[in-house]
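Student: Okay, so here is my_file-v8.txt, and as you'll see once you scroll down, it has compact mmCIF, N, CA and C atoms.
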# COMPACT_ATOMS: atom_id res chain seq x y z
N MET A 1 10.70 -2.12 47.85
CA MET A 1 9.59 -2.85 48.42
C MET A 1 9.44 -4.15 47.67
N SER A 2 9.11 -5.19 48.32
CA SER A 2 8.91 -6.47 47.65
C SER A 2 7.65 -7.12 48.18
N PHE A 3 7.06 -7.91 47.32
CA PHE A 3 5.85 -8.64 47.68
C PHE A 3 6.22 -10.10 47.84
N ILE A 4 5.51 -10.80 48.68
CA ILE A 4 5.80 -12.21 48.91
C ILE A 4 4.70 -13.02 48.24
N SER A 5 5.13 -13.96 47.41
CA SER A 5 4.18 -14.85 46.75
C SER A 5 4.52 -16.27 47.13
N ALA A 6 3.83 -17.22 46.52
CA ALA A 6 4.07 -18.63 46.81
C ALA A 6 5.46 -19.05 46.36
N GLN A 7 6.01 -18.40 45.32
CA GLN A 7 7.33 -18.75 44.82
C GLN A 7 8.43 -18.02 45.58
N GLY A 8 8.14 -17.00 46.32
CA GLY A 8 9.15 -16.26 47.06
C GLY A 8 9.00 -14.77 46.83
N PRO A 9 9.87 -13.96 47.42
CA PRO A 9 9.76 -12.53 47.25
C PRO A 9 10.24 -12.09 45.87
N PHE A 10 9.57 -11.07 45.31
CA PHE A 10 10.01 -10.49 44.03
C PHE A 10 9.76 -8.99 44.09
N PRO A 11 10.68 -8.22 43.52
CA PRO A 11 10.52 -6.77 43.55
C PRO A 11 9.53 -6.31 42.49
N ALA A 12 8.67 -5.37 42.85
CA ALA A 12 7.73 -4.79 41.90
C ALA A 12 7.44 -3.36 42.32
N PRO A 13 8.40 -2.44 42.12
CA PRO A 13 8.18 -1.08 42.60
C PRO A 13 7.08 -0.36 41.84
N GLY A 14 6.93 -0.59 40.54
CA GLY A 14 5.89 0.07 39.77
C GLY A 14 4.51 -0.38 40.21
N LEU A 15 4.40 -1.67 40.48
CA LEU A 15 3.13 -2.22 40.91
C LEU A 15 2.75 -1.69 42.29
N ALA A 16 3.73 -1.57 43.17
CA ALA A 16 3.45 -1.08 44.52
C ALA A 16 2.97 0.37 44.46
N ALA A 17 3.57 1.17 43.62
CA ALA A 17 3.15 2.57 43.51
C ALA A 17 1.73 2.66 42.96
N ARG A 18 1.40 1.79 42.03
CA ARG A 18 0.05 1.81 41.48
C ARG A 18 -0.98 1.30 42.47
N LEU A 19 -0.61 0.37 43.29
CA LEU A 19 -1.57 -0.17 44.25
C LEU A 19 -1.88 0.82 45.36
N ARG A 20 -0.93 1.68 45.70
CA ARG A 20 -1.15 2.63 46.78
C ARG A 20 -1.97 3.84 46.36
N LEU A 21 -2.05 4.14 45.07
CA LEU A 21 -2.79 5.32 44.61
C LEU A 21 -4.28 5.01 44.56
N PRO A 22 -5.10 5.85 45.16
CA PRO A 22 -6.54 5.66 45.03
C PRO A 22 -7.00 6.08 43.63
N THR A 23 -8.05 5.47 43.18
CA THR A 23 -8.56 5.84 41.85
C THR A 23 -9.37 7.11 41.97
N ARG A 24 -9.22 7.99 40.96
CA ARG A 24 -9.93 9.26 40.95
C ARG A 24 -10.61 9.42 39.60
N PRO A 25 -11.70 10.10 39.56
CA PRO A 25 -12.30 10.38 38.25
C PRO A 25 -11.41 11.34 37.47
N HIS A 26 -11.55 11.33 36.16
CA HIS A 26 -10.70 12.18 35.31
C HIS A 26 -10.85 13.66 35.62
N GLY A 27 -12.00 14.09 36.06
CA GLY A 27 -12.24 15.50 36.31
C GLY A 27 -11.41 16.04 37.46
N CYS A 28 -11.03 15.25 38.43
CA CYS A 28 -10.27 15.72 39.58
C CYS A 28 -8.80 15.94 39.25
N CYS A 29 -8.28 15.25 38.27
CA CYS A 29 -6.84 15.32 37.99
C CYS A 29 -6.44 16.66 37.40
N ALA A 30 -7.12 17.10 36.35
CA ALA A 30 -6.69 18.32 35.66
C ALA A 30 -7.84 19.29 35.48
N GLY A 31 -8.89 19.13 36.20
CA GLY A 31 -10.06 19.97 35.97
C GLY A 31 -10.93 19.33 34.92
N ALA A 32 -12.22 19.43 35.07
CA ALA A 32 -13.14 18.71 34.18
C ALA A 32 -12.97 19.12 32.73
N ARG A 33 -12.87 20.41 32.45
CA ARG A 33 -12.73 20.84 31.06
C ARG A 33 -11.37 20.48 30.50
N GLY A 34 -10.32 20.67 31.28
CA GLY A 34 -8.97 20.39 30.79
C GLY A 34 -8.78 18.94 30.40
N ALA A 35 -9.27 18.02 31.20
CA ALA A 35 -9.11 16.60 30.90
C ALA A 35 -9.91 16.22 29.67
N ARG A 36 -11.12 16.73 29.56
CA ARG A 36 -11.95 16.39 28.40
C ARG A 36 -11.36 16.98 27.12
N GLU A 37 -10.86 18.20 27.19
CA GLU A 37 -10.24 18.80 25.99
C GLU A 37 -8.98 18.06 25.61
N ALA A 38 -8.19 17.65 26.59
CA ALA A 38 -6.96 16.92 26.29
C ALA A 38 -7.29 15.58 25.65
N GLU A 39 -8.33 14.92 26.14
CA GLU A 39 -8.72 13.66 25.53
C GLU A 39 -9.16 13.87 24.08
N GLY A 40 -9.87 14.96 23.83
CA GLY A 40 -10.32 15.25 22.47
C GLY A 40 -9.16 15.53 21.54
N ARG A 41 -8.18 16.30 22.02
CA ARG A 41 -7.01 16.60 21.18
C ARG A 41 -6.22 15.33 20.90
N ILE A 42 -6.07 14.48 21.89
CA ILE A 42 -5.33 13.24 21.68
C ILE A 42 -6.06 12.36 20.68
N ARG A 43 -7.37 12.24 20.86
CA ARG A 43 -8.14 11.41 19.96
C ARG A 43 -8.12 11.98 18.54
N ARG A 44 -8.25 13.29 18.42
CA ARG A 44 -8.22 13.93 17.10
C ARG A 44 -6.88 13.72 16.42
N SER A 45 -5.79 13.86 17.17
CA SER A 45 -4.47 13.67 16.56
C SER A 45 -4.27 12.22 16.15
N CYS A 46 -4.82 11.30 16.94
CA CYS A 46 -4.74 9.89 16.57
C CYS A 46 -5.55 9.63 15.30
N ASP A 47 -6.74 10.22 15.23
CA ASP A 47 -7.58 10.06 14.03
C ASP A 47 -6.89 10.63 12.80
N VAL A 48 -6.25 11.78 12.96
CA VAL A 48 -5.53 12.39 11.84
C VAL A 48 -4.37 11.49 11.41
N GLY A 49 -3.67 10.93 12.36
CA GLY A 49 -2.56 10.03 12.03
C GLY A 49 -3.04 8.79 11.29
N VAL A 50 -4.10 8.17 11.79
CA VAL A 50 -4.64 6.97 11.14
C VAL A 50 -5.19 7.32 9.76
N GLY A 51 -5.89 8.45 9.67
CA GLY A 51 -6.41 8.88 8.38
C GLY A 51 -5.31 9.15 7.37
N GLY A 52 -4.24 9.79 7.82
CA GLY A 52 -3.10 10.04 6.93
C GLY A 52 -2.46 8.75 6.46
N PHE A 53 -2.33 7.79 7.37
CA PHE A 53 -1.76 6.49 7.00
C PHE A 53 -2.62 5.80 5.95
N ILE A 54 -3.94 5.84 6.15
CA ILE A 54 -4.85 5.19 5.20
C ILE A 54 -4.77 5.87 3.84
N LEU A 55 -4.74 7.21 3.83
CA LEU A 55 -4.66 7.93 2.55
C LEU A 55 -3.36 7.62 1.80
N VAL A 56 -2.26 7.63 2.52
CA VAL A 56 -0.97 7.34 1.87
C VAL A 56 -0.94 5.90 1.36
N THR A 57 -1.45 4.96 2.16
CA THR A 57 -1.47 3.56 1.75
C THR A 57 -2.32 3.37 0.50
N LEU A 58 -3.53 3.95 0.49
CA LEU A 58 -4.39 3.82 -0.68
C LEU A 58 -3.79 4.52 -1.90
N GLY A 59 -3.15 5.68 -1.68
CA GLY A 59 -2.51 6.37 -2.80
C GLY A 59 -1.42 5.52 -3.42
N CYS A 60 -0.58 4.92 -2.60
CA CYS A 60 0.48 4.05 -3.12
C CYS A 60 -0.10 2.84 -3.82
N TRP A 61 -1.17 2.26 -3.25
CA TRP A 61 -1.78 1.07 -3.82
C TRP A 61 -2.35 1.38 -5.20
N PHE A 62 -3.10 2.50 -5.32
CA PHE A 62 -3.67 2.85 -6.62
C PHE A 62 -2.58 3.17 -7.64
N HIS A 63 -1.51 3.83 -7.20
CA HIS A 63 -0.40 4.14 -8.11
C HIS A 63 0.22 2.84 -8.64
N CYS A 64 0.46 1.89 -7.76
CA CYS A 64 1.05 0.61 -8.18
C CYS A 64 0.11 -0.17 -9.09
N ARG A 65 -1.19 -0.18 -8.77
CA ARG A 65 -2.15 -0.89 -9.62
C ARG A 65 -2.20 -0.27 -11.02
N TYR A 66 -2.16 1.06 -11.09
CA TYR A 66 -2.19 1.75 -12.39
C TYR A 66 -0.95 1.39 -13.21
N ASN A 67 0.22 1.44 -12.58
CA ASN A 67 1.45 1.11 -13.30
C ASN A 67 1.46 -0.34 -13.74
N TYR A 68 0.94 -1.24 -12.90
CA TYR A 68 0.89 -2.66 -13.24
C TYR A 68 -0.04 -2.89 -14.43
N ALA A 69 -1.19 -2.22 -14.44
CA ALA A 69 -2.13 -2.37 -15.55
C ALA A 69 -1.51 -1.81 -16.83
N LYS A 70 -0.83 -0.67 -16.75
CA LYS A 70 -0.18 -0.09 -17.91
C LYS A 70 0.91 -1.02 -18.46
N LEU A 71 1.66 -1.63 -17.56
CA LEU A 71 2.71 -2.56 -17.97
C LEU A 71 2.13 -3.80 -18.66
N ARG A 72 1.00 -4.30 -18.13
CA ARG A 72 0.36 -5.46 -18.76
C ARG A 72 -0.12 -5.13 -20.17
N ILE A 73 -0.65 -3.93 -20.37
CA ILE A 73 -1.11 -3.53 -21.71
C ILE A 73 0.09 -3.44 -22.66
N GLN A 74 1.19 -2.83 -22.19
CA GLN A 74 2.38 -2.74 -23.03
C GLN A 74 2.94 -4.11 -23.38
N GLN A 75 2.92 -5.03 -22.41
CA GLN A 75 3.40 -6.39 -22.68
C GLN A 75 2.51 -7.10 -23.69
N ARG A 76 1.19 -6.90 -23.58
CA ARG A 76 0.27 -7.54 -24.52
C ARG A 76 0.50 -7.02 -25.94
N ILE A 77 0.70 -5.70 -26.07
CA ILE A 77 0.95 -5.13 -27.39
C ILE A 77 2.26 -5.66 -27.98
N ALA A 78 3.30 -5.74 -27.14
CA ALA A 78 4.58 -6.25 -27.62
C ALA A 78 4.46 -7.73 -27.99
N ARG A 79 3.72 -8.51 -27.20
CA ARG A 79 3.54 -9.94 -27.48
C ARG A 79 2.81 -10.12 -28.81
N GLU A 80 1.76 -9.32 -29.06
CA GLU A 80 1.02 -9.42 -30.32
C GLU A 80 1.91 -9.02 -31.50
N GLY A 81 2.75 -8.00 -31.30
CA GLY A 81 3.67 -7.59 -32.36
C GLY A 81 4.67 -8.67 -32.69
N ILE A 82 5.21 -9.31 -31.67
CA ILE A 82 6.17 -10.40 -31.91
C ILE A 82 5.49 -11.56 -32.62
N LYS A 83 4.26 -11.87 -32.18
CA LYS A 83 3.51 -12.98 -32.81
C LYS A 83 3.25 -12.67 -34.28
N ASN A 84 2.84 -11.43 -34.58
CA ASN A 84 2.59 -11.06 -35.97
C ASN A 84 3.88 -11.08 -36.79
N LYS A 85 4.98 -10.66 -36.20
CA LYS A 85 6.27 -10.68 -36.91
C LYS A 85 6.64 -12.11 -37.27
N ILE A 86 6.43 -13.04 -36.33
CA ILE A 86 6.77 -14.44 -36.59
C ILE A 86 5.83 -15.02 -37.65
N LEU A 87 4.54 -14.71 -37.58
CA LEU A 87 3.56 -15.28 -38.50
C LEU A 87 3.72 -14.75 -39.93
N TYR A 88 3.92 -13.44 -40.06
CA TYR A 88 3.84 -12.81 -41.38
C TYR A 88 5.19 -12.48 -42.00
N GLU A 89 6.28 -12.86 -41.35
CA GLU A 89 7.60 -12.52 -41.88
C GLU A 89 7.82 -13.24 -43.21
N SER A 90 8.29 -12.51 -44.17
CA SER A 90 8.61 -12.96 -45.53
C SER A 90 7.38 -13.54 -46.25
N THR A 91 6.21 -13.03 -45.96
CA THR A 91 5.02 -13.37 -46.72
C THR A 91 4.51 -12.10 -47.38
N HIS A 92 3.49 -12.23 -48.22
CA HIS A 92 2.95 -11.04 -48.88
C HIS A 92 2.19 -10.14 -47.90
N LEU A 93 1.89 -10.64 -46.69
CA LEU A 93 1.19 -9.84 -45.69
C LEU A 93 2.14 -9.07 -44.77
N ASP A 94 3.45 -9.26 -44.97
CA ASP A 94 4.44 -8.60 -44.12
C ASP A 94 4.43 -7.10 -44.39
N PRO A 95 4.12 -6.27 -43.36
CA PRO A 95 4.07 -4.82 -43.61
C PRO A 95 5.44 -4.20 -43.87
N GLU A 96 6.52 -4.83 -43.46
CA GLU A 96 7.85 -4.28 -43.69
C GLU A 96 8.40 -4.62 -45.07
N ARG A 97 7.77 -5.55 -45.72
CA ARG A 97 8.25 -5.97 -47.04
C ARG A 97 7.87 -4.92 -48.08
N LYS A 98 8.83 -4.59 -48.92
CA LYS A 98 8.58 -3.58 -49.94
C LYS A 98 7.73 -4.20 -51.06
N PRO A 99 6.71 -3.46 -51.49
CA PRO A 99 5.86 -4.03 -52.56
C PRO A 99 6.63 -4.11 -53.88
N THR A 100 6.39 -5.18 -54.58
CA THR A 100 7.01 -5.36 -55.91
C THR A 100 5.93 -5.17 -56.97
N ASN A 101 6.35 -4.79 -58.16
CA ASN A 101 5.40 -4.54 -59.25
C ASN A 101 5.00 -5.81 -59.99
N GLY A 102 5.59 -6.90 -59.59
CA GLY A 102 5.33 -8.14 -60.32
C GLY A 102 6.23 -8.27 -61.52
N ASN A 103 7.01 -7.24 -61.79
CA ASN A 103 7.92 -7.20 -62.92
C ASN A 103 9.33 -7.44 -62.39
N HIS A 104 9.93 -8.60 -62.69
CA HIS A 104 11.24 -8.95 -62.15
C HIS A 104 12.38 -8.59 -63.09
N SER A 105 12.10 -8.04 -64.22
CA SER A 105 13.19 -7.70 -65.15
C SER A 105 13.74 -6.31 -64.82
N ASN A 106 15.04 -6.14 -65.05
CA ASN A 106 15.69 -4.85 -64.80
C ASN A 106 15.86 -4.07 -66.05
Here is the file; what I need is its structure written in the form of C-alpha cells.

Tutor:
Amino acid sequence: MSFISAQGPFPAPGLAARLRLPTRPHGCCAGARGAREAEGRIRRSCDVGVGGFILVTLGCWFHCRYNYAKLRIQQRIAREGIKNKILYESTHLDPERKPTNGNHSN
C-alpha cells in the first residue's frame, strides 16, 4: 500500500496498519486486571534495573574516590619524606646518621 503526498507516492506499510486499527482502552486488550498487572510488572522491573544501575554506579564512584584519597595521602607522606631527606641529609638532625660520641680518636 502506498500513500500519495505532494512529493509523490511512498510506501509506508507500518503506518497504514496503524492507521486502520481503532484505538481501544487497555482493559479491552488483555482484560482489565491482566493489563494493569503487566504494566506494574514492567514498571517494577524497570525500577529495579534503574535502581541497580544507580547502586553499581555509586558503589564504583565511592570505591574510586576512596582509592584516590588514599593515594593522595601516600603521595603527601612520600613527598614530605623526600623533602626531609633533602633538608636534613648529612646534618646533625639526620635520623639515619649514626650518633658520634664527640671523641674522634681511635

Student: To one decimal place, how far is atom N of Leu58 of chain A from atom CA of Gly40 of chain A in Å?

Tutor: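 Between atom N of Leu58 of chain A and atom CA of Gly40 of chain A the gap is 25.6 Å.
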
Student: Return the padded bounding box of segment 60-69 of chain A as lines of an AutoDock Vina configuration file: axis-aligned, built from all atoms listed in the file, 6 Å added on each side, with centre and edge lengths in Å to one decimal.

Tutor:
center_x = -1.1
center_y = 1.0
center_z = -9.7
size_x = 17.1
size_y = 19.8
size_z = 26.2

Student: For atom CA of Ile73 of chain A and atom CA of Lys98 of chain A, determine how far apart the two atoms are, in Å to one decimal place.

Tutor: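 Value for the atom CA of Ile73 of chain A-atom CA of Lys98 of chain A distance: 29.8 Å.
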
Student: In Å to one decimal, how far is atom CA of Lys70 of chain A from atom N of Gly52 of chain A?

Tutor: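 Separating atom N of Gly52 of chain A from atom CA of Lys70 of chain A is a distance of 27.9 Å.
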